[in-house]
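**Q** Okay, handing you the structure first.
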Amino acid sequence: MSLSAGTASHTRPRQWVDNAVRLIEADAKRSADTHLLRYPLPTAWRDRVDVALYLKDESTHITGSLKHRLARSLFLYGLCNGWIGENTTVIEASSGSTAVSEAYFAALLGLPFIAVMTASTSASKIALIEAQGGRCHFVEESSQVYAEAQRLAEETGGHYLDQFTNAERATDWRGNNNIAESIFEQMRLEPHPIPEWVVVGAGTGGTSATIGRYIRYRRHATQLCVVDPENSAFFPGYTQGRNDVVIDASSRIEGIGRPRVEPSFLPGVVDRMVAVPDGASVAAAHHVSRVLGRRVGPSTGTNLWGAFQLLAEMIAHGRSGSVVTLLADSGDRYADTYFDADWLNAHGFELSEPAAVLSEFEHSGSWS
């Protein structure tokens, strides 16, 4: 028998994967790191206690949101695990920013991309995905998107990226220019370089997992706070110590909150969670948009509501330090929803009470 019997070669597929990884890495090299903006806190009360607030501006990614990092990581994870090849159809359960970013990377590699979403998804969201070359596939109920994405992957011989399971696995949380390493490097020369708090929301849970792990790996004193909107399972799951909590509703804050505790959410690396009313998220987005002179998305409003509350606690206790949170995406893509008065009224958003809380915080530094 020939000594070479039973062997096979995968040279061609390997060459394609090598080039695909190169294309993704080259795309990253062409992009500068996102800015870390110092938020202009009022000097009237800030002078009483030396506190500072910073926004990691993820809206400057080429696809316009924090999810650009996740999409890049998921594609590299799939490529390097041998799950994505030259003719693979790539599939995701998403109607939002993740699908937009994943459609971009699929087009970069010349691969077909399908985003599975509910039939009620807005035309503007569909247009963003299709503008990047993706195709939208619809189901009736939000609970069906996971199984349908898996079914399509099996039917096409494709790969289901599965952001909700793989987000915490795909990112190198020890460093390699992930968002956590970037934040701490950019803070290095600031008056309080090690933040008291980093505040993030949870959609997949991948960002909080990456930052929480990195903080522990680097032995920083920083604490991680995760903010959560209404109709999300993360906060009750965290407070009850359960991962089987299910909510019979959908989050009204784009990009964060889930009806189930997703596999990528790691409560053990979270130091504190804050439940944020939906009206507060939108009111904070409007407030911060006026301060910055540019629109920010509703999940950024959720982040800032939590960050302001933590700053007020620091001020009340006379504790100096810094807080960092994320500007997750631009508010311009929500011009006909969260920034439209008629739409807000039709969907029952009440902003007057949280707006008064924000006004008092800006005036006095206190949290009612």
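Letters A, B, ... go to the chains of the structure tokens in the order shown; residues in each chain start at 1; ligands are counted from 1 in the same order.
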Using only C-alpha atoms, determine which residues lie at most 9 Å from region 268-283 of chain A, disregarding the query and same-chain residues fewer than 2 positions distant; provide the list as a CSV table (one decimal) with N, CA, C and O atoms, in the first residue's frame.

**A**
```
chain,number,residue,atom,x,y,z
A,208,SER,N,-19.7,43.6,27.7
A,208,SER,CA,-19.5,43.6,29.1
A,208,SER,C,-18.6,42.4,29.5
A,208,SER,O,-17.7,42.6,30.4
A,209,ALA,N,-18.7,41.3,28.8
A,209,ALA,CA,-17.8,40.2,29.1
A,209,ALA,C,-16.3,40.5,28.8
A,209,ALA,O,-15.4,40.2,29.6
A,211,ILE,N,-14.9,43.6,28.6
A,211,ILE,CA,-14.4,44.6,29.5
A,211,ILE,C,-14.2,44.1,30.9
A,211,ILE,O,-13.2,44.3,31.6
A,212,GLY,N,-15.2,43.3,31.4
A,212,GLY,CA,-15.1,42.8,32.7
A,212,GLY,C,-13.9,41.8,32.9
A,212,GLY,O,-13.2,41.8,33.9
A,213,ARG,N,-13.7,41.0,31.9
A,213,ARG,CA,-12.6,40.1,32.0
A,213,ARG,C,-11.2,40.8,31.9
A,213,ARG,O,-10.3,40.5,32.6
A,215,ILE,N,-10.6,43.9,32.9
A,215,ILE,CA,-10.4,44.6,34.1
A,215,ILE,C,-9.7,43.6,35.1
A,215,ILE,O,-8.8,44.0,35.8
A,216,ARG,N,-10.3,42.4,35.2
A,216,ARG,CA,-9.7,41.5,36.2
A,216,ARG,C,-8.4,41.0,35.7
A,216,ARG,O,-7.5,40.8,36.6
A,223,GLN,N,-14.6,49.3,38.4
A,223,GLN,CA,-15.8,48.4,38.5
A,223,GLN,C,-16.6,48.6,37.2
A,223,GLN,O,-16.6,49.6,36.6
A,224,LEU,N,-17.3,47.5,36.9
A,224,LEU,CA,-18.2,47.5,35.7
A,224,LEU,C,-19.6,47.5,36.0
A,224,LEU,O,-20.1,46.7,36.8
A,225,CYS,N,-20.3,48.5,35.5
A,225,CYS,CA,-21.8,48.6,35.6
A,225,CYS,C,-22.4,48.4,34.3
A,225,CYS,O,-22.1,49.0,33.3
A,226,VAL,N,-23.4,47.5,34.3
A,226,VAL,CA,-24.2,47.2,33.1
A,226,VAL,C,-25.6,47.8,33.3
A,226,VAL,O,-26.3,47.6,34.3
A,227,VAL,N,-26.0,48.7,32.3
A,227,VAL,CA,-27.4,49.3,32.4
A,227,VAL,C,-28.3,48.5,31.5
A,227,VAL,O,-27.9,47.9,30.4
A,228,ASP,N,-29.6,48.4,31.9
A,228,ASP,CA,-30.5,47.5,31.2
A,228,ASP,C,-31.8,48.2,31.0
A,228,ASP,O,-32.3,48.8,32.0
A,229,PRO,N,-32.4,48.2,29.8
A,229,PRO,CA,-33.7,48.8,29.6
A,229,PRO,C,-34.9,48.0,30.1
A,229,PRO,O,-34.7,46.8,30.6
A,230,GLU,N,-36.1,48.5,30.0
A,230,GLU,CA,-37.3,47.7,30.3
A,230,GLU,C,-37.4,46.5,29.3
A,230,GLU,O,-36.8,46.5,28.3
A,234,PHE,N,-31.9,40.5,31.3
A,234,PHE,CA,-30.6,40.6,32.0
A,234,PHE,C,-30.6,41.1,33.4
A,234,PHE,O,-30.0,40.5,34.3
A,235,PHE,N,-31.4,42.2,33.7
A,235,PHE,CA,-31.4,42.7,35.0
A,235,PHE,C,-32.1,41.7,36.0
A,235,PHE,O,-31.5,41.4,37.1
A,238,TYR,N,-29.8,38.8,36.7
A,238,TYR,CA,-28.7,39.2,37.5
A,238,TYR,C,-29.1,39.3,39.0
A,238,TYR,O,-28.4,38.7,39.8
A,239,THR,N,-30.2,39.9,39.2
A,239,THR,CA,-30.6,40.1,40.6
A,239,THR,C,-31.1,38.8,41.3
A,239,THR,O,-30.9,38.6,42.5
A,251,SER,N,-37.4,44.5,24.0
A,251,SER,CA,-36.9,45.8,24.4
A,251,SER,C,-37.3,46.8,23.4
A,251,SER,O,-37.3,46.6,22.2
A,252,ARG,N,-37.6,48.0,23.9
A,252,ARG,CA,-37.9,49.1,23.0
A,252,ARG,C,-36.7,50.0,22.7
A,252,ARG,O,-36.8,51.0,22.0
A,253,ILE,N,-35.5,49.7,23.3
A,253,ILE,CA,-34.3,50.4,23.1
A,253,ILE,C,-33.4,49.7,22.2
A,253,ILE,O,-32.9,48.6,22.5
A,266,LEU,N,-22.1,37.4,30.9
A,266,LEU,CA,-21.4,36.7,32.0
A,266,LEU,C,-21.6,37.6,33.3
A,266,LEU,O,-20.9,38.6,33.5
A,285,ALA,N,-30.8,60.5,25.8
A,285,ALA,CA,-30.3,60.7,24.4
A,285,ALA,C,-30.5,62.1,23.9
A,285,ALA,O,-29.6,62.7,23.3
A,286,HIS,N,-31.7,62.6,24.1
A,286,HIS,CA,-32.0,64.0,23.7
A,286,HIS,C,-31.1,65.0,24.4
A,286,HIS,O,-30.6,65.9,23.8
A,287,HIS,N,-31.0,64.8,25.8
A,287,HIS,CA,-30.2,65.7,26.6
A,287,HIS,C,-28.7,65.8,26.1
A,287,HIS,O,-28.2,66.8,25.9
A,288,VAL,N,-28.2,64.6,26.0
A,288,VAL,CA,-26.7,64.5,25.5
A,288,VAL,C,-26.6,65.0,24.1
A,288,VAL,O,-25.5,65.6,23.8
A,297,GLY,N,-27.6,57.8,19.8
A,297,GLY,CA,-28.7,56.8,19.8
A,297,GLY,C,-29.3,56.5,21.2
A,297,GLY,O,-28.7,56.9,22.2
A,298,PRO,N,-30.4,55.8,21.3
A,298,PRO,CA,-31.1,55.6,22.5
A,298,PRO,C,-30.3,54.7,23.5
A,298,PRO,O,-30.4,54.9,24.7
A,299,SER,N,-29.5,53.8,23.0
A,299,SER,CA,-28.7,52.9,23.9
A,299,SER,C,-27.6,53.8,24.6
A,299,SER,O,-27.2,53.5,25.7
A,300,THR,N,-27.1,54.8,23.9
A,300,THR,CA,-26.2,55.7,24.5
A,300,THR,C,-26.8,56.5,25.6
A,300,THR,O,-26.3,56.8,26.6
A,301,GLY,N,-28.1,56.9,25.4
A,301,GLY,CA,-28.9,57.5,26.4
A,301,GLY,C,-29.0,56.6,27.7
A,301,GLY,O,-28.9,57.1,28.8
A,302,THR,N,-29.2,55.3,27.5
A,302,THR,CA,-29.2,54.4,28.6
A,302,THR,C,-27.9,54.4,29.3
A,302,THR,O,-27.8,54.4,30.5
A,303,ASN,N,-26.8,54.3,28.6
A,303,ASN,CA,-25.5,54.4,29.1
A,303,ASN,C,-25.3,55.6,30.0
A,303,ASN,O,-24.7,55.6,31.1
A,304,LEU,N,-25.6,56.8,29.4
A,304,LEU,CA,-25.4,58.0,30.1
A,304,LEU,C,-26.3,58.2,31.3
A,304,LEU,O,-25.9,58.8,32.3
A,305,TRP,N,-27.5,57.7,31.3
A,305,TRP,CA,-28.4,57.7,32.5
A,305,TRP,C,-27.7,57.0,33.7
A,305,TRP,O,-27.6,57.5,34.8
A,306,GLY,N,-27.1,55.8,33.4
A,306,GLY,CA,-26.3,55.1,34.4
A,306,GLY,C,-25.1,55.8,34.8
A,306,GLY,O,-24.8,55.9,36.0
A,338,TYR,N,-36.9,57.7,17.6
A,338,TYR,CA,-36.7,58.3,18.9
A,338,TYR,C,-36.5,59.8,18.9
A,338,TYR,O,-36.6,60.4,20.0
A,339,PHE,N,-36.3,60.4,17.8
A,339,PHE,CA,-36.2,61.8,17.7
A,339,PHE,C,-37.4,62.5,17.0
A,339,PHE,O,-37.3,63.6,16.6
A,348,GLY,N,-45.9,55.7,23.4
A,348,GLY,CA,-46.1,55.8,24.8
A,348,GLY,C,-44.8,56.2,25.6
A,348,GLY,O,-44.7,55.9,26.8
A,349,PHE,N,-43.9,56.9,25.0
A,349,PHE,CA,-42.7,57.3,25.7
A,349,PHE,C,-43.0,58.6,26.5
A,349,PHE,O,-43.4,59.6,25.9
A,350,GLU,N,-42.8,58.7,27.8
A,350,GLU,CA,-42.9,59.8,28.6
A,350,GLU,C,-41.6,60.4,29.0
A,350,GLU,O,-40.8,59.7,29.7
A,351,LEU,N,-41.2,61.6,28.6
A,351,LEU,CA,-39.9,62.1,28.8
A,351,LEU,C,-39.8,63.2,29.8
A,351,LEU,O,-38.7,63.6,30.2
A,352,SER,N,-40.9,63.8,30.2
A,352,SER,CA,-40.9,65.0,31.1
A,352,SER,C,-40.2,64.7,32.4
A,352,SER,O,-39.4,65.5,32.9
A,353,GLU,N,-40.6,63.6,33.1
A,353,GLU,CA,-40.0,63.3,34.4
A,353,GLU,C,-38.5,63.0,34.4
A,353,GLU,O,-37.8,63.6,35.1
A,354,PRO,N,-38.1,62.1,33.5
A,354,PRO,CA,-36.6,61.9,33.4
A,354,PRO,C,-35.9,63.2,33.0
A,354,PRO,O,-34.7,63.4,33.4
A,355,ALA,N,-36.5,64.0,32.1
A,355,ALA,CA,-35.8,65.2,31.7
A,355,ALA,C,-35.6,66.1,32.9
A,355,ALA,O,-34.6,66.8,32.9
A,358,LEU,N,-32.6,64.9,34.8
A,358,LEU,CA,-31.4,65.3,34.1
A,358,LEU,C,-31.1,66.8,34.3
A,358,LEU,O,-29.9,67.2,34.4
```

**Q** Where in region 109-332 of chain A does DSSP assign alpha helix (DSSP H), given as a PyMOL selection string?

**A** chain A and resi 109+123-131+145-156+163-170+179-186+206-217+234-240+278-292+298-316

**Q** Write out as a list in words the residues lying within 10 Å of Leu36 (chain A), counting only C-alpha atoms and excluding same-chain residues fewer than 2 positions away.

**A**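 Close residues of Leu36 (chain A): Asp33, Thr34, Arg38, Tyr39, Tyr54, Leu55, Lys56, Asp57, Glu58, Ser182, Ile183, Gln186, Met187, Val324, Thr325, Leu326 and Leu327 of chain A.
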
**Q** Suppose you want the space between CA of Arg258 (chain A) and CA of Lys67 (chain A); what is it in Å?

**A** 15.8 Å

**Q** Would you pick out the contacts of Ser59 (chain A) at 9 Å or less, using only C-alpha atoms, so that residues sharing its chain but fewer than 6 positions from it are not included, and give the list as a VMD selection string?

**A** chain A and resid 34 65 to 66 296 327 to 330

**Q** Can you spit out the residues from that selection as a tab-separated table (two decimals), in the first residue's frame, using C-alpha atoms?

**A**
```
chain	number	residue	atom	x	y	z
A	34	THR	CA	-12.27	55.40	17.83
A	65	SER	CA	-21.72	51.53	15.54
A	66	LEU	CA	-20.09	49.53	18.31
A	296	VAL	CA	-26.68	60.00	19.81
A	327	LEU	CA	-21.36	56.36	22.52
A	328	ALA	CA	-22.67	53.28	20.75
A	329	ASP	CA	-24.04	54.79	17.53
A	330	SER	CA	-25.28	57.98	15.93
```

**Q** Could you find all residues in region 114-338 of chain A that DSSP calls strand (DSSP E or B) from the backbone, and write them as a ChimeraX atom specification?

**A** /A:114-118,135-139,159-160,197-201,223-228,246,260,272-275,296,321-327,329-330

**Q** Figure out the distance between CA of Ser250 (chain A) and CA of Ser143 (chain A), please, to one decimal in Å.

**A** 9.8 Å

**Q** Do you have the CA of Val199 (chain A)-CA of Ala307 (chain A) distance handy?

**A**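 According to the coordinates, CA of Val199 (chain A) and CA of Ala307 (chain A) are separated by 6.3 Å.
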
**Q** Quick one: residues within 6 Å of Val323 (chain A), only C-alpha atoms counted, chain neighbours fewer than 4 positions away excluded, as JSON, numbers by chain?

**A** {"A": [53, 195, 196, 197, 198]}

**Q** Just C-alpha atoms for this one: save the residues we selected as an mmCIF file, in the first residue's frame.

**A**
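Output saved as again.cif:
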```cif
data_model
loop_
_atom_site.group_PDB
_atom_site.id
_atom_site.type_symbol
_atom_site.label_atom_id
_atom_site.label_comp_id
_atom_site.auth_asym_id
_atom_site.auth_seq_id
_atom_site.Cartn_x
_atom_site.Cartn_y
_atom_site.Cartn_z
ATOM 1 C CA LEU A 53 -16.822 61.612 32.262
ATOM 2 C CA PRO A 195 -11.710 54.771 35.872
ATOM 3 C CA GLU A 196 -13.857 54.269 38.920
ATOM 4 C CA TRP A 197 -16.531 52.828 36.644
ATOM 5 C CA VAL A 198 -17.018 51.661 33.085
#
```

**Q** Which residues are near Gly78 (chain A)? Cut-off 10 Å, only C-alpha atoms, ignore same chain within fewer than 5 positions. Put them as a list in words.

**A**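 Once the nearby chain positions are removed, what remains is Ser73, Trp83, Ile84, Gly85, Val90, His159, Tyr160, Leu161, Asn166 and Ala170 of chain A.
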
**Q** Would you write out those residues with C-alpha atoms, as a PDB file, in the first residue's frame?

**A**
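Result file again-v1.pdb:
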```pdb
ATOM      1  CA  SER A  73     -14.497  39.307  15.582  1.00  0.00           C
ATOM      2  CA  TRP A  83     -16.631  27.408   9.455  1.00  0.00           C
ATOM      3  CA  ILE A  84     -16.545  30.115   6.751  1.00  0.00           C
ATOM      4  CA  GLY A  85     -15.141  29.272   3.340  1.00  0.00           C
ATOM      5  CA  VAL A  90     -23.312  33.754   6.198  1.00  0.00           C
ATOM      6  CA  HIS A 159     -22.666  29.381   8.688  1.00  0.00           C
ATOM      7  CA  TYR A 160     -24.861  30.898  11.410  1.00  0.00           C
ATOM      8  CA  LEU A 161     -22.673  33.511  13.108  1.00  0.00           C
ATOM      9  CA  ASN A 166     -20.320  33.557  20.218  1.00  0.00           C
ATOM     10  CA  ALA A 170     -14.907  35.517  19.534  1.00  0.00           C
TER      11      ALA A 170
END
```

**Q** Can you list, as a list in words, every protein, DNA or RNA residue that comes within 7 Å of Ala167 (chain A) when you count only C-alpha atoms, leaving out same-chain residues fewer than 4 positions away?

**A** Leu70, Gln163, Thr171, Thr204, Gly206 and Ser264 of chain A

**Q** Dump all heavy atoms for the selected residues as an mmCIF file, in the first residue's frame?

**A**
```cif
data_model
loop_
_atom_site.group_PDB
_atom_site.id
_atom_site.type_symbol
_atom_site.label_atom_id
_atom_site.label_comp_id
_atom_site.auth_asym_id
_atom_site.auth_seq_id
_atom_site.Cartn_x
_atom_site.Cartn_y
_atom_site.Cartn_z
ATOM 1 N N LEU A 70 -17.766 43.727 16.946
ATOM 2 C CA LEU A 70 -18.302 42.378 17.113
ATOM 3 C C LEU A 70 -18.336 41.633 15.790
ATOM 4 O O LEU A 70 -17.935 40.467 15.709
ATOM 5 C CB LEU A 70 -19.709 42.456 17.717
ATOM 6 C CG LEU A 70 -20.483 41.136 17.797
ATOM 7 C CD1 LEU A 70 -19.735 40.113 18.638
ATOM 8 C CD2 LEU A 70 -21.886 41.372 18.344
ATOM 9 N N GLN A 163 -24.440 35.587 17.052
ATOM 10 C CA GLN A 163 -23.823 36.610 17.894
ATOM 11 C C GLN A 163 -24.114 36.406 19.383
ATOM 12 O O GLN A 163 -23.268 36.696 20.234
ATOM 13 C CB GLN A 163 -24.307 37.990 17.471
ATOM 14 C CG GLN A 163 -25.819 38.174 17.540
ATOM 15 C CD GLN A 163 -26.256 39.607 17.357
ATOM 16 O OE1 GLN A 163 -25.570 40.532 17.778
ATOM 17 N NE2 GLN A 163 -27.401 39.816 16.731
ATOM 18 N N THR A 171 -14.047 37.367 20.878
ATOM 19 C CA THR A 171 -13.151 38.501 21.155
ATOM 20 C C THR A 171 -12.021 38.087 22.079
ATOM 21 O O THR A 171 -12.243 37.413 23.091
ATOM 22 C CB THR A 171 -13.948 39.656 21.799
ATOM 23 O OG1 THR A 171 -15.011 40.029 20.927
ATOM 24 C CG2 THR A 171 -13.047 40.859 22.045
ATOM 25 N N THR A 204 -25.826 41.427 23.276
ATOM 26 C CA THR A 204 -25.367 40.039 23.345
ATOM 27 C C THR A 204 -24.749 39.744 24.715
ATOM 28 O O THR A 204 -24.784 38.615 25.194
ATOM 29 C CB THR A 204 -24.296 39.756 22.278
ATOM 30 O OG1 THR A 204 -23.154 40.586 22.528
ATOM 31 C CG2 THR A 204 -24.837 40.028 20.879
ATOM 32 N N GLY A 206 -21.511 40.527 24.981
ATOM 33 C CA GLY A 206 -20.109 40.378 24.611
ATOM 34 C C GLY A 206 -19.223 41.522 25.062
ATOM 35 O O GLY A 206 -18.089 41.312 25.502
ATOM 36 N N SER A 264 -23.824 34.729 25.992
ATOM 37 C CA SER A 264 -22.603 35.526 26.078
ATOM 38 C C SER A 264 -22.584 36.488 27.266
ATOM 39 O O SER A 264 -21.565 37.124 27.527
ATOM 40 C CB SER A 264 -22.394 36.328 24.786
ATOM 41 O OG SER A 264 -21.914 35.500 23.759
#
```

**Q** Which one is closest to Glu190 (chain A): A:Ser322, A:Asn231, A:Ser124, A:Thr63? Count only C-alpha atoms.

**A**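 Smallest separation from Glu190 (chain A) among the options: A:Ser322.
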
**Q** Rank A:His137, A:Trp343, A:His192, A:Arg174 by their smallest atom-to-atom distance to Arg219 (chain A), using only C-alpha atoms, and report the top residue only.

**A** A:Arg174

**Q** Looking at only C-alpha atoms, which of A:Gly293, A:Gly110, A:Gly82, A:Pro263 is the one that sits closest to Val17 (chain A)?

**A**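 With only C-alpha atoms as the atom set, the closest residue is A:Gly82.
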